[in-house]
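Enquirer: Before I ask anything, let me first share the structure, which is written out below as structure tokens.
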Amino acid sequence: MMDKQQAITAILARIQQTAEQTSRNPADIQLVAVSKRKPVTDIIAAYEAGLRHFGENYTEELAEKAEALKHLSDLEWHFIGHLQSRQTKAVAQYAHYFHALDRLKVAQRLSAQLSELGRELPVFLQVNVSGEESKSGFDGVNWRQQPEKLETLCTAIQEIIELPGLRVIGLMTMAPFDADTAGLHAVFKDLADLATHLQQKISVLPQLKLSMGMSGDFDIAIAEGATHVRIGSAIFGERS
Ligand SMILES: *Cc1c(COP(=O)(O)O)cnc(C)c1O
């Protein structure tokens, strides 16, 4: 069993190598270490190994860990999990990034709470481009053939952009569990193309970032343009 330092060094080397092989700039790819269901001591070990960006999926865990580690002032929390509109408080309070914005109602709640707290939150809109039913997100299946889906997405983005406190910085997706290599390439490319398309339609959008790729498929996501890879088990080991 590799220790954490070795696992992290190996992942960073793989990110660097994949970037170079696919003509990407390694500096454009942010590793988000997904520490969900792992103890605070694991996060401290990863922090000591040089990591600063950590991903959490559950609001209670985010709040507990952020409180426990608030002395590490340059640590940045990425909330990557599905969020119910009644659970937004911890994200508004503690998250530095939110990767899974998938409903206007959640955006409105977050915006109100962020304004109260005087905080700003960069967000990724989660889009389901694969059509796998277990995946949440805005519906982006076959967006090229179905312009009404694109319209719905554009309207949602325009409404979210108007909300104080929220800053739309990118799109996020999750690949289906059973996809093969070609299928993974297709899903990630689809999200990258969608981002390009949305930027052309909504001129106020910044260059959209792409949160895609996990332990099993981050090489493919990088090849297709990922700017944020969310890696858990390859760093922290399997979750119980
Ligand atoms: C758990 C999780 C990850 C990390 O998964 P690994 O396979 O452990 O790398 C990434 N993204 C999301 C949204 C997750 O829930």
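So you can find residues: chains in the structure tokens are A, B, ... in the order shown, residues in each start at 1, and ligands are numbered from 1 in order.
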Around ligand 1, at most 7 Å away and counting only C-alpha atoms and all ligand atoms, which residues are there? Put them as a PyMOL selection string, please.
Expert: chain A and resi 34+36+57+80-81+174+214-216+230-234
Enquirer: Excluding Lys149 of chain A and its own-chain neighbours fewer than 2 positions away, which residues fall within 12 Å of it when counting only C-alpha atoms? Please give them as a PDB file with N, CA and C atoms, in the first residue's frame.
Expert:
```pdb
ATOM      1  N   VAL A 127     -24.324  19.168 -15.795  1.00  0.00           N
ATOM      2  CA  VAL A 127     -25.137  18.822 -16.956  1.00  0.00           C
ATOM      3  C   VAL A 127     -25.050  17.319 -17.173  1.00  0.00           C
ATOM      4  N   ASN A 128     -26.193  16.705 -17.341  1.00  0.00           N
ATOM      5  CA  ASN A 128     -26.243  15.278 -17.653  1.00  0.00           C
ATOM      6  C   ASN A 128     -26.282  15.151 -19.176  1.00  0.00           C
ATOM      7  N   VAL A 129     -25.128  14.825 -19.761  1.00  0.00           N
ATOM      8  CA  VAL A 129     -25.080  14.680 -21.217  1.00  0.00           C
ATOM      9  C   VAL A 129     -25.201  13.222 -21.655  1.00  0.00           C
ATOM     10  N   PHE A 138     -28.698  19.434 -15.170  1.00  0.00           N
ATOM     11  CA  PHE A 138     -29.561  19.925 -16.243  1.00  0.00           C
ATOM     12  C   PHE A 138     -29.524  18.914 -17.381  1.00  0.00           C
ATOM     13  N   ASP A 139     -30.637  18.788 -18.055  1.00  0.00           N
ATOM     14  CA  ASP A 139     -30.733  17.811 -19.134  1.00  0.00           C
ATOM     15  C   ASP A 139     -29.997  18.317 -20.377  1.00  0.00           C
ATOM     16  N   GLY A 140     -28.896  17.640 -20.704  1.00  0.00           N
ATOM     17  CA  GLY A 140     -28.135  18.049 -21.883  1.00  0.00           C
ATOM     18  C   GLY A 140     -27.989  16.915 -22.883  1.00  0.00           C
ATOM     19  N   VAL A 141     -28.852  15.909 -22.765  1.00  0.00           N
ATOM     20  CA  VAL A 141     -28.768  14.763 -23.670  1.00  0.00           C
ATOM     21  C   VAL A 141     -29.157  15.184 -25.093  1.00  0.00           C
ATOM     22  N   ASN A 142     -28.316  14.850 -26.038  1.00  0.00           N
ATOM     23  CA  ASN A 142     -28.594  15.194 -27.449  1.00  0.00           C
ATOM     24  C   ASN A 142     -28.871  16.674 -27.665  1.00  0.00           C
ATOM     25  N   TRP A 143     -28.103  17.525 -27.019  1.00  0.00           N
ATOM     26  CA  TRP A 143     -28.381  18.971 -27.122  1.00  0.00           C
ATOM     27  C   TRP A 143     -28.221  19.484 -28.546  1.00  0.00           C
ATOM     28  N   ARG A 144     -27.410  18.814 -29.363  1.00  0.00           N
ATOM     29  CA  ARG A 144     -27.247  19.281 -30.751  1.00  0.00           C
ATOM     30  C   ARG A 144     -28.533  19.079 -31.552  1.00  0.00           C
ATOM     31  N   GLN A 145     -29.174  17.934 -31.325  1.00  0.00           N
ATOM     32  CA  GLN A 145     -30.394  17.612 -32.074  1.00  0.00           C
ATOM     33  C   GLN A 145     -31.630  18.248 -31.471  1.00  0.00           C
ATOM     34  N   GLN A 146     -31.538  18.664 -30.197  1.00  0.00           N
ATOM     35  CA  GLN A 146     -32.737  19.164 -29.522  1.00  0.00           C
ATOM     36  C   GLN A 146     -32.523  20.590 -29.021  1.00  0.00           C
ATOM     37  N   PRO A 147     -32.726  21.546 -29.916  1.00  0.00           N
ATOM     38  CA  PRO A 147     -32.444  22.948 -29.565  1.00  0.00           C
ATOM     39  C   PRO A 147     -33.258  23.454 -28.379  1.00  0.00           C
ATOM     40  N   GLU A 151     -32.063  25.826 -25.304  1.00  0.00           N
ATOM     41  CA  GLU A 151     -32.772  27.049 -24.897  1.00  0.00           C
ATOM     42  C   GLU A 151     -33.036  27.051 -23.392  1.00  0.00           C
ATOM     43  N   THR A 152     -33.519  25.910 -22.883  1.00  0.00           N
ATOM     44  CA  THR A 152     -33.793  25.799 -21.444  1.00  0.00           C
ATOM     45  C   THR A 152     -32.523  26.055 -20.635  1.00  0.00           C
ATOM     46  N   LEU A 153     -31.429  25.482 -21.100  1.00  0.00           N
ATOM     47  CA  LEU A 153     -30.156  25.643 -20.410  1.00  0.00           C
ATOM     48  C   LEU A 153     -29.693  27.101 -20.458  1.00  0.00           C
ATOM     49  N   CYS A 154     -29.825  27.711 -21.621  1.00  0.00           N
ATOM     50  CA  CYS A 154     -29.428  29.123 -21.769  1.00  0.00           C
ATOM     51  C   CYS A 154     -30.244  30.026 -20.853  1.00  0.00           C
ATOM     52  N   THR A 155     -31.551  29.777 -20.801  1.00  0.00           N
ATOM     53  CA  THR A 155     -32.412  30.580 -19.935  1.00  0.00           C
ATOM     54  C   THR A 155     -31.993  30.420 -18.479  1.00  0.00           C
ATOM     55  N   ALA A 156     -31.742  29.179 -18.068  1.00  0.00           N
ATOM     56  CA  ALA A 156     -31.322  28.928 -16.682  1.00  0.00           C
ATOM     57  C   ALA A 156     -30.013  29.656 -16.385  1.00  0.00           C
ATOM     58  N   LEU A 194     -20.399  21.537 -25.679  1.00  0.00           N
ATOM     59  CA  LEU A 194     -21.539  22.288 -25.151  1.00  0.00           C
ATOM     60  C   LEU A 194     -21.062  23.610 -24.531  1.00  0.00           C
ATOM     61  N   LEU A 198     -22.291  27.277 -25.616  1.00  0.00           N
ATOM     62  CA  LEU A 198     -22.956  28.199 -24.686  1.00  0.00           C
ATOM     63  C   LEU A 198     -22.238  29.538 -24.632  1.00  0.00           C
TER      64      LEU A 198
END
```
Enquirer: Write down as a list in words the residues belonging to segment 126-208 of chain A that are assigned strand (DSSP E) by DSSP computed on the backbone.
Expert: Gln126, Val127, Asn128, Phe138, Asp139, Leu166, Arg167, Val168, Ile169, Gly170, Leu171 and Met172 of chain A
Enquirer: Taking into account only C-alpha atoms, which residue in the set A:Ile222, A:Pro122, A:Thr227, A:Lys4 is nearest to Glu20 of chain A?
Expert: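 Among A:Ile222, A:Pro122, A:Thr227, A:Lys4, it is A:Ile222 that comes nearest to Glu20 of chain A.
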Enquirer: Which one of A:Thr22, A:Arg119, A:Gln17, A:Ala46 sits closest to Phe236 of chain A if you count only C-alpha atoms?
Expert: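 Looking at the shortest contact to Phe236 of chain A, the residue is A:Ala46.
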Enquirer: Please measure the separation of atom CA of Gln87 of chain A and atom CA of Ile160 of chain A, giving the value in Å to one decimal.
Expert: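 That distance, rounded to one decimal, is 18.3 Å.
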Enquirer: Choose the residue, out of A:Ala221, A:Met212, A:Leu69, A:Ile43, that has the smallest atom-to-atom separation from Ala19 of chain A; count only C-alpha atoms.
Expert: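 Checking each of A:Ala221, A:Met212, A:Leu69, A:Ile43 against Ala19 of chain A, counting only C-alpha atoms, the winner is A:Ala221.
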Enquirer: Under the rule that only C-alpha atoms are counted, which of A:Glu224, A:Ile44, A:Gly50, A:Ala7 is the nearest residue to His71 of chain A?
Expert: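 Under the stated criterion, the closest residue is A:Ile44.
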Enquirer: Which one of A:Gly213, A:Arg37, A:Ala45, A:Ser23 sits closest to Ile8 of chain A if you count only C-alpha atoms?
Expert: A:Ala45
